[in-house]
$ cat entry29.pdb   # PDB, C-alpha atoms and all ligand atoms
MODEL        1
ATOM      1  CA  MET A 635      31.288 -34.872  23.828
ATOM      2  CA  LYS A 636      28.857 -31.978  23.566
ATOM      3  CA  VAL A 637      25.959 -34.278  24.232
ATOM      4  CA  LEU A 638      27.713 -35.628  27.284
ATOM      5  CA  LEU A 639      28.391 -32.145  28.574
ATOM      6  CA  ILE A 640      24.800 -31.126  28.056
ATOM      7  CA  LEU A 641      23.630 -34.272  29.732
ATOM      8  CA  SER A 642      25.848 -33.864  32.750
ATOM      9  CA  GLY A 643      24.811 -30.217  32.913
ATOM     10  CA  LEU A 644      21.173 -31.271  32.979
ATOM     11  CA  ILE A 645      21.863 -33.811  35.670
ATOM     12  CA  ALA A 646      23.583 -31.156  37.754
ATOM     13  CA  ILE A 647      20.592 -28.837  37.357
ATOM     14  CA  ARG A 648      18.178 -31.602  38.261
ATOM     15  CA  ALA A 649      20.262 -32.498  41.286
ATOM     16  CA  GLY A 650      20.217 -28.874  42.302
ATOM     17  CA  VAL A 651      16.442 -28.706  41.999
ATOM     18  CA  ILE A 652      15.966 -31.868  44.007
ATOM     19  CA  LYS A 653      18.292 -30.523  46.678
ATOM     20  CA  GLU A 654      16.326 -27.287  46.862
ATOM     21  CA  GLU A 655      13.021 -29.117  47.198
ATOM     22  CA  LYS A 656      14.434 -31.243  50.011
ATOM     23  CA  ALA A 657      15.730 -28.181  51.812
ATOM     24  CA  ASP A 658      12.245 -26.728  51.515
ATOM     25  CA  CYS A 659      10.677 -29.522  53.551
ATOM     26  CA  PRO A 660      10.959 -28.387  57.165
ATOM     27  CA  GLY A 661       7.760 -30.212  58.137
ATOM     28  CA  VAL A 662       7.202 -33.889  58.830
ATOM     29  CA  THR A 663       6.172 -36.859  56.718
ATOM     30  CA  ILE A 664       3.635 -39.210  58.286
ATOM     31  CA  ASN A 665       2.582 -42.337  56.383
ATOM     32  CA  GLY A 666       3.983 -40.828  53.187
ATOM     33  CA  VAL A 667       1.993 -37.592  53.532
ATOM     34  CA  TYR A 668       3.715 -34.252  54.117
ATOM     35  CA  TYR A 669       2.642 -31.974  56.963
ATOM     36  CA  GLU A 670       3.763 -28.366  57.358
ATOM     37  CA  SER A 671       4.889 -27.507  60.860
ATOM     38  CA  GLU A 672       3.033 -24.379  61.868
ATOM     39  CA  THR A 673       3.715 -22.589  65.154
ATOM     40  CA  LEU A 674       0.338 -21.421  66.413
ATOM     41  CA  ARG A 675       1.696 -19.553  69.410
ATOM     42  CA  LYS A 676       5.026 -19.383  71.196
ATOM     43  CA  ASP A 677       6.441 -18.016  74.467
ATOM     44  CA  LEU A 678       3.993 -19.968  76.611
ATOM     45  CA  ASP A 679       5.050 -21.820  79.746
ATOM     46  CA  ARG A 680       4.114 -25.496  79.398
ATOM     47  CA  PRO A 681       0.804 -25.282  77.499
ATOM     48  CA  TYR A 682      -1.206 -28.320  78.550
ATOM     49  CA  ILE A 683      -4.514 -30.287  78.396
ATOM     50  CA  LEU A 684      -5.468 -29.307  74.852
ATOM     51  CA  ALA A 685      -9.010 -29.597  73.481
ATOM     52  CA  VAL A 686     -10.486 -28.347  70.196
ATOM     53  CA  ASP A 687     -14.093 -27.302  69.625
ATOM     54  CA  TYR A 688     -14.608 -28.677  66.106
ATOM     55  CA  SER A 689     -17.455 -26.274  65.334
ATOM     56  CA  THR A 690     -15.256 -23.176  65.625
ATOM     57  CA  ASN A 691     -11.745 -24.685  65.431
ATOM     58  CA  ASN A 692     -10.947 -23.005  68.724
ATOM     59  CA  LEU A 693      -8.194 -24.614  70.746
ATOM     60  CA  TYR A 694      -8.549 -24.586  74.528
ATOM     61  CA  PHE A 695      -5.541 -25.170  76.734
ATOM     62  CA  SER A 696      -3.909 -24.020  79.955
ATOM     63  CA  TYR A 697      -0.443 -22.768  80.763
ATOM     64  CA  ASN A 698       1.676 -21.890  83.790
ATOM     65  CA  ILE A 699       1.602 -18.273  84.856
ATOM     66  CA  HIS A 700       4.441 -18.502  87.384
ATOM     67  CA  ALA A 701       7.482 -20.504  86.395
ATOM     68  CA  ASP A 702       8.225 -21.812  89.883
ATOM     69  CA  ASN A 703       4.807 -22.739  91.269
ATOM     70  CA  ASP A 704       1.687 -24.442  90.008
ATOM     71  CA  GLU A 705      -0.579 -21.598  89.005
ATOM     72  CA  PHE A 706      -2.418 -22.024  85.761
ATOM     73  CA  ARG A 707      -4.654 -20.136  83.393
ATOM     74  CA  SER A 708      -7.009 -21.383  80.703
ATOM     75  CA  ALA A 709      -6.894 -19.757  77.311
ATOM     76  CA  ARG A 710      -8.450 -19.989  73.873
ATOM     77  CA  LEU A 711      -6.751 -19.769  70.507
ATOM     78  CA  ASN A 712      -8.573 -19.722  67.204
ATOM     79  CA  ILE A 713      -6.526 -22.080  65.027
ATOM     80  CA  ASN A 714      -7.705 -20.422  61.803
ATOM     81  CA  THR A 715      -7.177 -16.753  62.740
ATOM     82  CA  LYS A 716      -4.652 -17.220  65.618
ATOM     83  CA  GLU A 717      -6.772 -14.886  67.763
ATOM     84  CA  PHE A 718      -5.825 -15.500  71.392
ATOM     85  CA  ASN A 719      -7.851 -14.867  74.556
ATOM     86  CA  ASN A 720      -7.184 -15.606  78.180
ATOM     87  CA  ILE A 721     -10.230 -16.996  79.943
ATOM     88  CA  ASP A 722     -11.038 -14.974  83.032
ATOM     89  CA  GLY A 723     -13.031 -16.023  86.039
ATOM     90  CA  VAL A 724     -11.610 -19.530  86.496
ATOM     91  CA  VAL A 725      -9.438 -20.069  89.570
ATOM     92  CA  ASN A 726      -6.348 -21.940  88.342
ATOM     93  CA  GLY A 727      -7.878 -23.050  85.046
ATOM     94  CA  PHE A 728      -6.030 -26.268  84.229
ATOM     95  CA  ALA A 729      -8.052 -28.887  82.306
ATOM     96  CA  GLN A 730     -10.285 -28.330  79.271
ATOM     97  CA  THR A 731     -12.780 -30.519  77.406
ATOM     98  CA  VAL A 732     -15.531 -29.972  74.824
ATOM     99  CA  ASP A 733     -18.974 -31.492  74.387
ATOM    100  CA  GLN A 734     -18.872 -31.649  70.571
ATOM    101  CA  LYS A 735     -22.671 -32.057  70.333
ATOM    102  CA  THR A 736     -23.672 -28.942  72.263
ATOM    103  CA  HIS A 737     -20.310 -27.112  71.950
ATOM    104  CA  ASP A 738     -20.221 -26.548  75.687
ATOM    105  CA  ILE A 739     -16.710 -26.049  77.029
ATOM    106  CA  TYR A 740     -15.855 -27.353  80.494
ATOM    107  CA  ILE A 741     -12.839 -26.139  82.419
ATOM    108  CA  GLY A 742     -11.418 -27.725  85.551
ATOM    109  CA  GLY A 743      -9.848 -25.360  88.056
ATOM    110  CA  SER A 744      -8.667 -25.682  91.641
ATOM    111  CA  ASP A 745     -12.121 -25.094  93.133
ATOM    112  CA  GLY A 746     -14.386 -26.987  90.772
ATOM    113  CA  ILE A 747     -15.581 -27.299  87.187
ATOM    114  CA  TYR A 748     -16.630 -24.283  85.166
ATOM    115  CA  LYS A 749     -18.747 -24.011  82.050
ATOM    116  CA  TYR A 750     -17.438 -21.544  79.515
ATOM    117  CA  ASP A 751     -19.599 -19.556  77.129
ATOM    118  CA  TYR A 752     -17.653 -18.818  73.978
ATOM    119  CA  GLY A 753     -20.155 -16.205  72.772
ATOM    120  CA  ASN A 754     -19.682 -13.822  75.685
ATOM    121  CA  ASN A 755     -16.248 -15.087  76.852
ATOM    122  CA  GLN A 756     -17.592 -15.878  80.333
ATOM    123  CA  ALA A 757     -16.868 -18.818  82.593
ATOM    124  CA  GLU A 758     -19.181 -19.779  85.437
ATOM    125  CA  ILE A 759     -18.728 -22.346  88.171
ATOM    126  CA  PHE A 760     -20.790 -25.406  87.259
ATOM    127  CA  GLY A 761     -20.113 -28.391  89.536
ATOM    128  CA  ALA A 762     -17.688 -30.452  91.647
ATOM    129  CA  PHE A 763     -17.624 -27.443  93.964
ATOM    130  CA  GLY A 764     -14.430 -27.099  95.975
ATOM    131  CA  ALA A 765     -12.640 -29.956  94.159
ATOM    132  CA  ASN A 766      -9.175 -29.501  92.697
ATOM    133  CA  ILE A 767      -9.606 -30.867  89.180
ATOM    134  CA  TRP A 768      -6.851 -32.939  87.627
ATOM    135  CA  THR A 769      -8.264 -34.298  84.360
ATOM    136  CA  ILE A 770     -11.551 -33.843  82.544
ATOM    137  CA  TYR A 771     -13.146 -35.575  79.558
ATOM    138  CA  PHE A 772     -16.515 -35.378  77.883
ATOM    139  CA  LYS A 773     -18.221 -38.212  76.080
ATOM    140  CA  ASP A 774     -21.997 -38.429  76.627
ATOM    141  CA  VAL A 775     -21.310 -37.397  80.203
ATOM    142  CA  LEU A 776     -18.639 -35.356  81.939
ATOM    143  CA  TYR A 777     -15.813 -37.334  83.566
ATOM    144  CA  TYR A 778     -13.241 -35.811  85.860
ATOM    145  CA  SER A 779     -10.622 -36.762  88.378
ATOM    146  CA  THR A 780      -9.486 -34.778  91.357
ATOM    147  CA  PHE A 781      -6.091 -33.979  92.770
ATOM    148  CA  PRO A 782      -4.351 -35.404  94.711
ATOM    149  CA  ASN A 783      -6.418 -38.626  95.059
ATOM    150  CA  GLN A 784      -6.959 -39.013  91.277
ATOM    151  CA  PHE A 785     -10.226 -40.944  91.570
ATOM    152  CA  LEU A 786     -12.519 -40.740  88.560
ATOM    153  CA  TYR A 787     -16.002 -39.232  88.905
ATOM    154  CA  THR A 788     -18.899 -38.409  86.633
ATOM    155  CA  LEU A 789     -20.864 -35.178  86.851
ATOM    156  CA  GLU A 790     -24.452 -35.507  85.691
ATOM    157  CA  ASP A 791     -27.420 -33.246  86.510
ATOM    158  CA  GLY A 792     -25.248 -31.434  89.016
ATOM    159  CA  GLU A 793     -24.416 -34.654  90.865
ATOM    160  CA  SER A 794     -20.874 -36.015  91.298
ATOM    161  CA  LYS A 795     -20.447 -39.782  91.612
ATOM    162  CA  ARG A 796     -17.466 -42.143  91.714
ATOM    163  CA  PHE A 797     -17.301 -43.855  88.323
ATOM    164  CA  PRO A 798     -17.958 -47.529  89.159
ATOM    165  CA  ASP A 799     -15.981 -49.094  86.250
ATOM    166  CA  LEU A 800     -12.768 -47.584  87.593
ATOM    167  CA  GLU A 801     -13.411 -47.488  91.321
ATOM    168  CA  ASP A 802     -10.405 -49.739  92.018
ATOM    169  CA  THR A 803      -7.740 -47.515  90.523
ATOM    170  CA  LYS A 804      -6.436 -43.994  90.400
ATOM    171  CA  VAL A 805      -6.584 -42.399  86.960
ATOM    172  CA  ASP A 806      -4.035 -40.106  85.436
ATOM    173  CA  HIS A 807      -5.217 -39.671  81.807
ATOM    174  CA  PHE A 808      -8.621 -40.860  80.570
ATOM    175  CA  VAL A 809     -10.439 -40.967  77.197
ATOM    176  CA  ILE A 810     -13.138 -43.076  75.501
ATOM    177  CA  ASP A 811     -12.790 -44.158  71.867
ATOM    178  CA  HIS A 812     -15.357 -44.574  69.044
ATOM    179  CA  GLU A 813     -16.113 -48.155  70.164
ATOM    180  CA  ASN A 814     -16.804 -47.161  73.770
ATOM    181  CA  ASP A 815     -13.516 -48.567  74.979
ATOM    182  CA  MET A 816     -11.977 -46.560  77.775
ATOM    183  CA  PHE A 817      -8.245 -45.889  77.735
ATOM    184  CA  TYR A 818      -6.528 -44.695  80.866
ATOM    185  CA  THR A 819      -3.180 -44.545  82.549
ATOM    186  CA  ASN A 820      -2.130 -45.039  86.131
ATOM    187  CA  THR A 821       1.312 -45.453  87.652
ATOM    188  CA  THR A 822       1.454 -49.057  86.335
ATOM    189  CA  GLY A 823       0.673 -48.425  82.671
ATOM    190  CA  LEU A 824      -1.754 -47.743  79.854
ATOM    191  CA  TYR A 825      -4.951 -49.831  79.911
ATOM    192  CA  CYS A 826      -7.963 -50.426  77.704
ATOM    193  CA  GLN A 827     -11.272 -51.385  79.297
ATOM    194  CA  LYS A 828     -14.678 -51.768  77.681
ATOM    195  CA  LYS A 829     -17.150 -49.365  79.238
ATOM    196  CA  GLY A 830     -19.484 -51.139  81.610
ATOM    197  CA  THR A 831     -16.930 -53.833  82.481
ATOM    198  CA  LYS A 832     -14.008 -54.207  84.851
ATOM    199  CA  ASP A 833     -11.786 -56.115  82.433
ATOM    200  CA  ALA A 834      -8.633 -54.076  81.957
ATOM    201  CA  VAL A 835      -6.192 -54.986  79.189
ATOM    202  CA  LEU A 836      -2.635 -53.772  79.559
ATOM    203  CA  TYR A 837      -1.267 -51.968  76.441
ATOM    204  CA  ALA A 838       2.039 -50.704  77.764
ATOM    205  CA  LYS A 839       3.858 -50.735  81.072
ATOM    206  CA  THR A 840       5.005 -47.412  82.458
ATOM    207  CA  THR A 841       8.522 -48.806  82.652
ATOM    208  CA  GLU A 842       8.489 -49.420  78.877
ATOM    209  CA  PHE A 843       7.702 -45.915  77.664
ATOM    210  CA  LYS A 844       8.937 -42.396  78.226
ATOM    211  CA  SER A 845       6.692 -40.333  80.437
ATOM    212  CA  MET A 846       3.149 -40.186  79.090
ATOM    213  CA  ARG A 847       1.967 -36.586  79.062
ATOM    214  CA  SER A 848      -1.454 -36.802  77.367
ATOM    215  CA  LEU A 849      -4.080 -39.097  75.925
ATOM    216  CA  THR A 850      -6.567 -37.843  73.370
ATOM    217  CA  THR A 851      -9.021 -38.914  70.669
ATOM    218  CA  ASP A 852      -8.954 -37.663  67.086
ATOM    219  CA  LEU A 853     -11.878 -36.643  64.888
ATOM    220  CA  ASN A 854     -12.733 -40.330  64.293
ATOM    221  CA  GLY A 855     -12.508 -41.301  67.946
ATOM    222  CA  GLN A 856      -9.156 -43.092  67.613
ATOM    223  CA  VAL A 857      -6.822 -42.795  70.571
ATOM    224  CA  PHE A 858      -3.426 -41.075  70.455
ATOM    225  CA  ALA A 859      -0.860 -40.394  73.131
ATOM    226  CA  CYS A 860       1.701 -37.666  73.613
ATOM    227  CA  LEU A 861       4.898 -38.857  75.224
ATOM    228  CA  GLU A 862       7.949 -36.823  75.966
ATOM    229  CA  ASP A 863       9.647 -38.010  72.766
ATOM    230  CA  GLY A 864       6.799 -38.177  70.291
ATOM    231  CA  ILE A 865       3.214 -38.669  69.267
ATOM    232  CA  TYR A 866       1.963 -42.256  69.292
ATOM    233  CA  ALA A 867      -1.075 -44.038  67.922
ATOM    234  CA  VAL A 868      -2.733 -46.436  70.351
ATOM    235  CA  LYS A 869      -3.168 -49.546  68.188
ATOM    236  CA  LYS A 870      -5.986 -51.860  69.134
ATOM    237  CA  SER A 871      -4.906 -54.545  66.636
ATOM    238  CA  SER A 872      -1.551 -55.039  68.365
ATOM    239  CA  LYS A 873      -2.582 -53.680  71.788
ATOM    240  CA  SER A 874       0.395 -51.368  71.836
ATOM    241  CA  LEU A 875       1.717 -47.882  71.200
ATOM    242  CA  GLU A 876       3.123 -47.089  67.763
ATOM    243  CA  LYS A 877       5.175 -43.962  67.134
ATOM    244  CA  VAL A 878       3.641 -41.606  64.555
ATOM    245  CA  VAL A 879       6.175 -38.795  64.702
ATOM    246  CA  SER A 880       9.041 -37.694  66.923
ATOM    247  CA  ILE A 881       8.776 -34.418  68.809
ATOM    248  CA  GLU A 882      10.911 -32.927  71.543
ATOM    249  CA  ASP A 883       9.569 -32.479  75.055
ATOM    250  CA  GLY A 884       5.930 -33.075  74.110
ATOM    251  CA  PHE A 885       3.218 -32.005  76.553
ATOM    252  CA  GLY A 886      -0.314 -31.766  75.162
ATOM    253  CA  LEU A 887      -2.112 -33.217  72.150
ATOM    254  CA  ALA A 888      -5.373 -32.640  70.281
ATOM    255  CA  PHE A 889      -6.696 -32.733  66.718
ATOM    256  CA  ASP A 890      -8.261 -29.834  64.839
ATOM    257  CA  ASN A 891     -11.467 -30.016  62.811
ATOM    258  CA  ASP A 892      -9.520 -31.213  59.755
ATOM    259  CA  ASN A 893      -7.918 -33.959  61.857
ATOM    260  CA  ASN A 894      -4.501 -32.292  61.812
ATOM    261  CA  ILE A 895      -2.263 -32.919  64.820
ATOM    262  CA  VAL A 896      -2.026 -30.044  67.292
ATOM    263  CA  TYR A 897       0.500 -30.458  70.070
ATOM    264  CA  SER A 898       2.412 -28.490  72.650
ATOM    265  CA  ASP A 899       5.973 -28.679  73.855
ATOM    266  CA  ALA A 900       7.419 -26.793  76.841
ATOM    267  CA  THR A 901       6.937 -23.375  75.207
ATOM    268  CA  SER A 902       4.787 -23.544  72.065
ATOM    269  CA  LEU A 903       1.605 -24.721  70.402
ATOM    270  CA  VAL A 904       2.291 -26.333  67.032
ATOM    271  CA  ARG A 905       0.120 -27.780  64.274
ATOM    272  CA  PHE A 906       1.163 -30.352  61.707
ATOM    273  CA  LYS A 907      -1.001 -29.189  58.827
ATOM    274  CA  ILE A 908      -1.553 -31.582  55.955
ATOM    275  CA  ASN A 909      -0.210 -30.630  52.512
ATOM    276  CA  ARG A 910      -1.196 -33.281  49.983
ATOM    277  CA  HIS A 911       0.488 -31.505  47.059
ATOM    278  CA  LYS A 912       4.013 -31.278  48.342
ATOM    279  CA  LYS A 913       6.392 -34.130  47.618
ATOM    280  CA  CYS A 914       9.033 -34.374  50.305
TER     281      CYS A 914
HETATM  282  C1  LIG B1001      -3.725 -49.675  87.287
HETATM  283  O1  LIG B1001      -4.882 -50.209  86.663
HETATM  284  C2  LIG B1001      -4.888 -51.611  86.551
HETATM  285  C3  LIG B1001      -6.099 -52.008  85.741
HETATM  286  O2  LIG B1001      -7.260 -51.399  86.235
HETATM  287  C4  LIG B1001      -4.868 -52.227  87.934
HETATM  288  O3  LIG B1001      -4.842 -53.657  87.823
HETATM  289  C5  LIG B1001      -3.636 -51.734  88.682
HETATM  290  O4  LIG B1001      -3.670 -52.201  90.014
HETATM  291  C6  LIG B1001      -3.625 -50.216  88.691
HETATM  292  N1  LIG B1001      -2.390 -49.752  89.297
HETATM  293  C7  LIG B1001      -2.396 -48.959  90.345
HETATM  294  C8  LIG B1001      -1.052 -48.556  90.875
HETATM  295  O5  LIG B1001      -3.437 -48.560  90.843
ENDMDL
END

$ encode --input "entry29.pdb" --output "C-alpha cells"
Amino acid sequence: MKVLLILSGLIAIRAGVIKEEKADCPGVTINGVYYESETLRKDLDRPYILAVDYSTNNLYFSYNIHADNDEFRSARLNINTKEFNNIDGVVNGFAQTVDQKTHDIYIGGSDGIYKYDYGNNQAEIFGAFGANIWTIYFKDVLYYSTFPNQFLYTLEDGESKRFPDLEDTKVDHFVIDHENDMFYTNTTGLYCQKKGTKDAVLYAKTTEFKSMRSLTTDLNGQVFACLEDGIYAVKKSSKSLEKVVSIEDGFGLAFDNDNNIVYSDATSLVRFKINRHKKC
C-alpha cells in the first residue's frame, strides 16, 4: 500500500514536471529541433523585404510610415544587440539586398537604387536613376525590377539592362539558389529556371497557395518562401513548396548568420532562434 502510494505520488510529480516543461515551450519545433521565438522589434507597420548582412548580423528591412498610403522607410536592426537605426537619405526606401562578398548594401527607393555605407550610416544614389524599384537581389550582379511594369533588369558598371533570361515575363519575387537556378514568381505561379536558359519549370500555381509575400535564400543558398500562413521550403526534389512552420500574416523572410529564420508579420520582426538543448 505504502509503496503504491509512493509510486503514484512519484508519478504525479513526474507528470507535473512534464506539464511544466511543456508549458515552457512557447517557441516552435522544426524537424525535431526547438527554436525560441524572439521578438526583435515590434510596433512596426508591415516590415518588409528583409535582408541580413552576414558579416555584422545586421538586418535591413523597410516599413510603412503612413498607414493609409505607400510611403516607406528603410531601416537597420542589429540582430545581436537590437540596436535600431532608420536609414536617412533614401526616398521611399523599400527593397534591400546585400552583396555578401563586399558587404555592400543596396536599397531600392522610388527614384532609383542607393548604396548604403554601414560605417558612416550614409546612403547615396547609385543607379537606375528615376526608376521606382520594386524588388532587388544581389548574386554576382545586382538584379532589380521596377514598378509598375515589373520587368527584371541588371545593373552592372552603372548600366541598366533588361535581363534576357526573363524578358518574356513580369517578375514579382526573384532569387538565385546555390546551383544557379533562378526562382521567381509572377501572377501565374512560382517557377524555377536555370540561369542562362529560358526553360521555366512550374513549382506551384498561384491558385494553389495563399498569397506569396517573399522569396529568399538561406545561408546555404537554399530557397524559402514566406506565405501569408507560414514559412515554406522550396523543394527541388519534389518541385513543390513544403511547409516548415505556420505563422500568422507573414510578410518578409530572411536568415541570420547562424541560419536562424527571421521573419516579419504585419507589426513585428521575429527570430526563431535554435536551442539544441531544450526538449519540447
Ligand atoms: C509567368 O512565367 C512563366 C514562365 O516564365 C510564363 O510561361 C508565364 O506566361 C508567365 N505569366 C505571366 C502572367 O506573365

$ residues_near_ligand --input "entry29.pdb" --ligand "ligand LIG 1001 (chain B)" --cutoff "6 Å" --atoms "all atoms listed in the file" --output "PDB file with C-alpha atoms, in the frame of the given file"
ATOM      1  CA  THR A 803      -7.740 -47.515  90.523  1.00  0.00           C
ATOM      2  CA  LYS A 804      -6.436 -43.994  90.400  1.00  0.00           C
ATOM      3  CA  ASN A 820      -2.130 -45.039  86.131  1.00  0.00           C
ATOM      4  CA  THR A 821       1.312 -45.453  87.652  1.00  0.00           C
ATOM      5  CA  THR A 822       1.454 -49.057  86.335  1.00  0.00           C
ATOM      6  CA  ALA A 834      -8.633 -54.076  81.957  1.00  0.00           C
TER       7      ALA A 834
END

$ axis_aligned_box --input "entry29.pdb" --around "segment 712-729 of chain A" --padding-each-side "5 Å" --output "AutoDock Vina command-line options"
--center_x -8.8 --center_y -21.9 --center_z 75.7 --size_x 18.4 --size_y 24.0 --size_z 37.8

$ atom_distance --input "entry29.pdb" --atom1 "atom CA of Ala757 of chain A" --atom2 "atom CA of Phe781 of chain A"
21.2 Å

$ resolve_selection --input "entry29.pdb" --expression "the PyMOL selection byres (((chain A and resi 898) around 10) and not hetatm)" --output "PyMOL selection string"
chain A and resi 673-676+678+680-684+695+860+881-888+896-897+899-905

$ residues_around --input "entry29.pdb" --residues "segment 709-713 of chain A" --least-positions-apart "4" --cutoff "12 Å" --atoms "only C-alpha atoms" --output "PyMOL selection string"
chain A and resi 672-676+678+681-699+717-724+726-731+739+741+750-752+755-757+888-892+894-896+903-907

$ residues_near_point --input "entry29.pdb" --point "(-20.3, -23.5, 95.8)" --cutoff "12 Å" --atoms "all atoms listed in the file" --output "list in words"
Asp745, Gly746, Ile747, Tyr748, Glu758, Ile759, Phe760, Gly761, Ala762, Phe763, Gly764, Ala765 and Gly792 of chain A

$ residues_around --input "entry29.pdb" --residues "Leu849 of chain A" --least-positions-apart "6" --cutoff "7 Å" --atoms "all atoms listed in the file" --output "list in words"
His807, Phe808, Val809, Phe858, Ala859 and Cys860 of chain A

$ closest_residue --input "entry29.pdb" --among "A:Arg796, A:Arg847, A:Lys773, A:Lys839" --to "His812 of chain A" --atoms "all atoms listed in the file"
A:Lys773

$ residues_near_point --input "entry29.pdb" --point "(10.4, -39.4, 78.9)" --cutoff "6 Å" --atoms "only C-alpha atoms" --output "MDAnalysis selection string"
chainID A and resid 844:845 862

$ resolve_selection --input "entry29.pdb" --expression "the PyMOL selection byres (((chain A and resi 867) around 10) and not hetatm)" --output "list in words"
Leu849, Thr850, Thr851, Gln856, Val857, Phe858, Ala859, Cys860, Ile865, Tyr866, Val868, Lys869, Lys870, Ser874, Leu875, Glu876, Lys877, Val878 and Val879 of chain A

$ write_last_selection --input "entry29.pdb" --atoms "C-alpha atoms" --output "mmCIF file, in the coordinates of the input"
data_model
loop_
_atom_site.group_PDB
_atom_site.id
_atom_site.type_symbol
_atom_site.label_atom_id
_atom_site.label_comp_id
_atom_site.auth_asym_id
_atom_site.auth_seq_id
_atom_site.Cartn_x
_atom_site.Cartn_y
_atom_site.Cartn_z
ATOM 1 C CA LEU A 849 -4.080 -39.097 75.925
ATOM 2 C CA THR A 850 -6.567 -37.843 73.370
ATOM 3 C CA THR A 851 -9.021 -38.914 70.669
ATOM 4 C CA GLN A 856 -9.156 -43.092 67.613
ATOM 5 C CA VAL A 857 -6.822 -42.795 70.571
ATOM 6 C CA PHE A 858 -3.426 -41.075 70.455
ATOM 7 C CA ALA A 859 -0.860 -40.394 73.131
ATOM 8 C CA CYS A 860 1.701 -37.666 73.613
ATOM 9 C CA ILE A 865 3.214 -38.669 69.267
ATOM 10 C CA TYR A 866 1.963 -42.256 69.292
ATOM 11 C CA VAL A 868 -2.733 -46.436 70.351
ATOM 12 C CA LYS A 869 -3.168 -49.546 68.188
ATOM 13 C CA LYS A 870 -5.986 -51.860 69.134
ATOM 14 C CA SER A 874 0.395 -51.368 71.836
ATOM 15 C CA LEU A 875 1.717 -47.882 71.200
ATOM 16 C CA GLU A 876 3.123 -47.089 67.763
ATOM 17 C CA LYS A 877 5.175 -43.962 67.134
ATOM 18 C CA VAL A 878 3.641 -41.606 64.555
ATOM 19 C CA VAL A 879 6.175 -38.795 64.702
#

$ closest_residue --input "entry29.pdb" --among "A:Ser880, A:Asn766, A:Asn854, A:Thr819" --to "Asn893 of chain A" --atoms "all atoms listed in the file"
A:Asn854

$ resolve_selection --input "entry29.pdb" --expression "the PyMOL selection byres (((chain A and resi 828) around 9) and not hetatm)" --output "compact mmCIF listing (two decimals) with C-alpha atoms, in the frame of the given file"
# COMPACT_ATOMS: atom_id res chain seq x y z
CA GLU A 813 -16.11 -48.16 70.16
CA ASN A 814 -16.80 -47.16 73.77
CA ASP A 815 -13.52 -48.57 74.98
CA MET A 816 -11.98 -46.56 77.78
CA PHE A 817 -8.24 -45.89 77.74
CA CYS A 826 -7.96 -50.43 77.70
CA GLN A 827 -11.27 -51.38 79.30
CA LYS A 829 -17.15 -49.36 79.24
CA GLY A 830 -19.48 -51.14 81.61
CA THR A 831 -16.93 -53.83 82.48
CA LYS A 832 -14.01 -54.21 84.85
CA ASP A 833 -11.79 -56.12 82.43
CA ALA A 834 -8.63 -54.08 81.96
